[in-house]
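Heads up, the thing below is written out as structure tokens.
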Amino acid sequence: MSFADLLQPMFLLPFVNGLLLAILLPLVGAHVRLREEWLASLGLAQAAAAGVMVGAFWNAPIAVVALVAAVAAALFKSFFGPRGNESYALMLLLGWTVALLLAANSAHGDDLGHALTEGQLYFTGTRHLQALVAVGLVQFGLLPWLAPRLLLARFFPDHFAANGRPNPHHEIVFDVLVAVTLALAATAFGVMAAFAVVFLPPWIAFRFARGWFRTIALGIGISLAGYLAAFALAFRFDQPIGPVIVGVLLALALSRAFARY
Amino acid sequence: MNDVLLDVEALVAGYRDPVVGPVSFRLHRGEILGLAGPNGSGKSTVLRALIGRARIFSGQVRRGDGPIATAVQAQRPVRLAEMPITGREYLRLMDAARQAPPPQLAGLLDLRLDQLSGGQFQLLHVWACLGSPADLVLLDEPDNNMDPKARATLIDVLHGTRLAGRGVLVVSHEHDLVETVCTRIVEVAA
């Protein structure tokens, strides 16, 4: 394939979908990392993967069930689970078990399992784009309200309880936002690549940046650079997008060794 | 209640079981009240009961009339291995960046939090509460991690803190600290 092919709608649309994900994932990823809940990204992506398999098994709309599964997992964790990586580890293991068992017992399970491992960005279309634009508008619209509250709750954990708000709404809003973003990412990039884009760019940015919004901006910049390089490599050499994204971001992560604040 | 911010009456508090009490005191606007006592006497549990983080077995905690904005300094503030947030951003979270900070902090505000020493970070954390517009400021062992110089700064800050209309509760096992900075002291027995 040549880069001129990229201008064809069948490639351009997936490219734009990936580009939007490369912006949205590190945005939530920086806050997830701040909360030391980075395993959330993998747990929720795996919950979405389980949703894909549930949808396939019962012939239900796959993307919708994936979204519902991820949001349900996030809400369950918000209301009942312990805050922290333990609840996400349990979610990850449960999602993995359900996904693989259903894959082994459904007609298209193997194909879907393959897609969730390697990524199926080239098969995303207008509906994915519409969902990503909607999530993007919500993320950037809520950021000025959400970010200070998340930081305040992180560094002054007693503040909301001391002021009569022991269960502030922003926690649930954020959990749902992470779940929706991860579900859209897992069904486009694959589970592990979705995890990589939400985890690695903020991890690198946390090392270099000074200031919270610079950290977010740098994380998005790293993610975009990684995605563009990965898309070009995967497109040119006809490789699966998921592993190439992970490989490129891992290469960028080596820069942490040279960090000076 | 008028100028009373907190009215604590025969409070017995703890977690699974009671660990402190009965304790009674009132905190008025315009004063710094010290809650003193040895380590393990349950002073911090009293403070945590005031903000709903510890169980109240008996007694009562009443707040003054109207909304009372509260700032809480944690005994062990959250410190992450990597914190790309600057000191100025940290103060802004508590709306404490409008006031001029103590001179010892002024030069540190543009550094990342993980570039500060333990004492500097503790002082910043305390100032985030004292510099905020909160009516009620709860300080739990505010001189933790502080060397003598930082501690002297803390004492200066507490002496210079704006008290008009607000009250400060200082929990500390350091008797000399509460005697130096507090207008009144309540002893919590071990």
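Ligands are numbered from 1 in the order shown, residues from 1 within each chain, and chains are lettered A, B, ... in the order they appear in the structure tokens.
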- Task: Mind checking which residues fall within 10 Å of Leu6 in chain B, counting only C-alpha atoms, ignoring those fewer than 2 positions away in the same chain, and posting them as a list in words?
- Result: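 Result of the neighbour search: Met1, Asp3, Val4, Val8, Glu9, Phe25, Arg26, Leu27, His28, Arg29, Leu50, Val61, Arg62, Arg63, Gly64, Asp65, Ile68, Leu136, Gly167 and Leu169 of chain B.
If we count only C-alpha atoms, these residues of chain A sit within 6 Å of chain B: A:Leu152, A:Phe155, A:Ala162, A:Asn163, A:Phe206, A:Ala209, A:Arg210, A:Gly211, A:Trp212.
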Any chance you can output those residues with N, CA and C atoms as a tab-separated table (two decimals), in the first residue's frame?
```tsv
chain	number	residue	atom	x	y	z
A	152	LEU	N	-7.56	17.99	43.61
A	152	LEU	CA	-7.86	18.33	45.01
A	152	LEU	C	-8.13	17.06	45.81
A	155	PHE	N	-4.70	15.16	46.38
A	155	PHE	CA	-3.70	15.71	47.29
A	155	PHE	C	-4.28	16.14	48.63
A	162	ALA	N	-14.66	16.67	54.64
A	162	ALA	CA	-14.66	17.72	55.67
A	162	ALA	C	-15.64	18.83	55.34
A	163	ASN	N	-15.97	18.95	54.06
A	163	ASN	CA	-16.90	20.00	53.65
A	163	ASN	C	-18.28	19.44	53.29
A	206	PHE	N	5.07	12.48	32.85
A	206	PHE	CA	5.25	12.71	34.29
A	206	PHE	C	6.73	12.90	34.64
A	209	ALA	N	7.68	16.80	32.48
A	209	ALA	CA	6.93	18.07	32.49
A	209	ALA	C	6.99	18.76	33.84
A	210	ARG	N	6.79	20.05	33.81
A	210	ARG	CA	6.65	20.82	35.06
A	210	ARG	C	5.34	21.58	34.96
A	211	GLY	N	4.38	21.19	35.74
A	211	GLY	CA	3.06	21.81	35.68
A	211	GLY	C	2.05	20.81	35.13
A	212	TRP	N	0.82	20.87	35.65
A	212	TRP	CA	-0.15	19.83	35.33
A	212	TRP	C	-0.62	19.90	33.87
```
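Across the model, the gap from CA of Gly109 in chain A to CA of Leu24 in chain A is 28.6 Å.
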- Task: Using backbone DSSP assignments, extract all helix (DSSP H, G or I) residues from chain B; output them as a VMD selection string.
- Result: chain B and resid 43 to 50 87 to 93 103 to 106 113 to 115 118 to 130 148 to 160 175 to 181
Take the residues from that selection and put them in a file with C-alpha atoms, as a tab-separated table (two decimals), in the first residue's frame.
```tsv
chain	number	residue	atom	x	y	z
B	43	LYS	CA	-5.85	13.16	69.14
B	44	SER	CA	-5.82	12.48	65.42
B	45	THR	CA	-8.87	10.22	65.82
B	46	VAL	CA	-10.73	13.17	67.35
B	47	LEU	CA	-9.79	15.25	64.32
B	48	ARG	CA	-10.89	12.48	61.96
B	49	ALA	CA	-14.19	12.17	63.79
B	50	LEU	CA	-14.75	15.89	63.22
B	87	GLY	CA	3.91	24.35	44.23
B	88	ARG	CA	1.83	27.21	42.81
B	89	GLU	CA	-0.67	24.77	41.27
B	90	TYR	CA	-0.81	22.91	44.58
B	91	LEU	CA	-1.71	26.11	46.44
B	92	ARG	CA	-4.25	27.02	43.77
B	93	LEU	CA	-6.13	23.79	44.48
B	103	PRO	CA	9.28	33.96	52.21
B	104	GLN	CA	10.70	30.46	52.69
B	105	LEU	CA	8.14	29.11	50.21
B	106	ALA	CA	8.13	31.95	47.70
B	113	LEU	CA	6.44	18.91	44.16
B	114	ASP	CA	8.84	15.97	43.91
B	115	GLN	CA	11.75	18.43	43.89
B	118	GLY	CA	10.09	16.50	53.07
B	119	GLY	CA	10.13	19.60	55.30
B	120	GLN	CA	9.53	22.01	52.42
B	121	PHE	CA	6.61	19.92	51.17
B	122	GLN	CA	5.12	19.74	54.66
B	123	LEU	CA	5.37	23.51	55.02
B	124	LEU	CA	3.72	23.95	51.62
B	125	HIS	CA	0.94	21.56	52.65
B	126	VAL	CA	0.31	23.46	55.88
B	127	TRP	CA	0.34	26.78	54.05
B	128	ALA	CA	-2.13	25.46	51.47
B	129	CYS	CA	-4.58	25.08	54.37
B	130	LEU	CA	-3.71	28.23	56.30
B	148	PRO	CA	14.35	23.25	63.26
B	149	LYS	CA	14.51	25.97	60.59
B	150	ALA	CA	11.30	24.85	58.87
B	151	ARG	CA	9.66	24.48	62.28
B	152	ALA	CA	10.59	28.05	63.15
B	153	THR	CA	8.98	29.12	59.87
B	154	LEU	CA	5.85	27.15	60.74
B	155	ILE	CA	5.64	28.94	64.09
B	156	ASP	CA	6.01	32.30	62.32
B	157	VAL	CA	3.30	31.33	59.86
B	158	LEU	CA	0.91	30.29	62.63
B	159	HIS	CA	1.62	33.48	64.56
B	160	GLY	CA	1.01	35.55	61.46
B	175	HIS	CA	3.87	20.38	73.82
B	176	ASP	CA	6.23	23.25	73.13
B	177	LEU	CA	4.64	23.78	69.69
B	178	VAL	CA	1.09	24.07	71.00
B	179	GLU	CA	2.24	26.22	73.93
B	180	THR	CA	4.01	28.57	71.52
B	181	VAL	CA	1.31	28.97	68.87
```
With a distance cut-off of 10 Å and only C-alpha atoms, select the neighbouring residues of Ala131 in chain A, excluding the residue or stretch itself and same-chain residues fewer than 3 positions from it, and output the selection as a PDB file with N, CA and C atoms, in the first residue's frame.
```
ATOM      1  N   ASN A  17     -10.068   8.245  13.343  1.00  0.00           N
ATOM      2  CA  ASN A  17     -10.523   7.626  14.607  1.00  0.00           C
ATOM      3  C   ASN A  17      -9.344   7.378  15.539  1.00  0.00           C
ATOM      4  N   THR A 126     -17.899   5.294  10.671  1.00  0.00           N
ATOM      5  CA  THR A 126     -18.538   6.562  11.036  1.00  0.00           C
ATOM      6  C   THR A 126     -19.094   6.542  12.461  1.00  0.00           C
ATOM      7  N   ARG A 127     -19.648   5.400  12.868  1.00  0.00           N
ATOM      8  CA  ARG A 127     -20.224   5.336  14.225  1.00  0.00           C
ATOM      9  C   ARG A 127     -19.144   5.513  15.290  1.00  0.00           C
ATOM     10  N   HIS A 128     -17.989   4.907  15.035  1.00  0.00           N
ATOM     11  CA  HIS A 128     -16.875   5.083  15.965  1.00  0.00           C
ATOM     12  C   HIS A 128     -16.470   6.561  16.014  1.00  0.00           C
ATOM     13  N   ALA A 134     -18.120  12.750  20.254  1.00  0.00           N
ATOM     14  CA  ALA A 134     -18.979  13.034  21.417  1.00  0.00           C
ATOM     15  C   ALA A 134     -18.181  12.925  22.717  1.00  0.00           C
ATOM     16  N   VAL A 135     -17.404  11.846  22.833  1.00  0.00           N
ATOM     17  CA  VAL A 135     -16.600  11.670  24.055  1.00  0.00           C
ATOM     18  C   VAL A 135     -15.560  12.786  24.171  1.00  0.00           C
ATOM     19  N   GLY A 136     -14.977  13.166  23.040  1.00  0.00           N
ATOM     20  CA  GLY A 136     -13.985  14.242  23.049  1.00  0.00           C
ATOM     21  C   GLY A 136     -14.592  15.559  23.519  1.00  0.00           C
ATOM     22  N   LEU A 137     -15.785  15.870  23.021  1.00  0.00           N
ATOM     23  CA  LEU A 137     -16.443  17.110  23.438  1.00  0.00           C
ATOM     24  C   LEU A 137     -16.723  17.082  24.945  1.00  0.00           C
ATOM     25  N   VAL A 180     -15.800   4.639  29.116  1.00  0.00           N
ATOM     26  CA  VAL A 180     -16.279   4.838  27.739  1.00  0.00           C
ATOM     27  C   VAL A 180     -15.098   5.003  26.784  1.00  0.00           C
ATOM     28  N   THR A 181     -14.126   5.794  27.186  1.00  0.00           N
ATOM     29  CA  THR A 181     -12.955   6.021  26.332  1.00  0.00           C
ATOM     30  C   THR A 181     -12.210   4.713  26.092  1.00  0.00           C
ATOM     31  N   LEU A 184     -14.092   2.342  23.679  1.00  0.00           N
ATOM     32  CA  LEU A 184     -13.914   2.748  22.284  1.00  0.00           C
ATOM     33  C   LEU A 184     -12.500   2.421  21.805  1.00  0.00           C
TER      34      LEU A 184
END
```
- Message: Residues within 9 Å of Tyr15 in chain B, please, as a PyMOL selection string. Count only C-alpha atoms; anything in the same chain fewer than 3 positions from it doesn't count.
- Response: chain B and resi 18-19+45+53-56
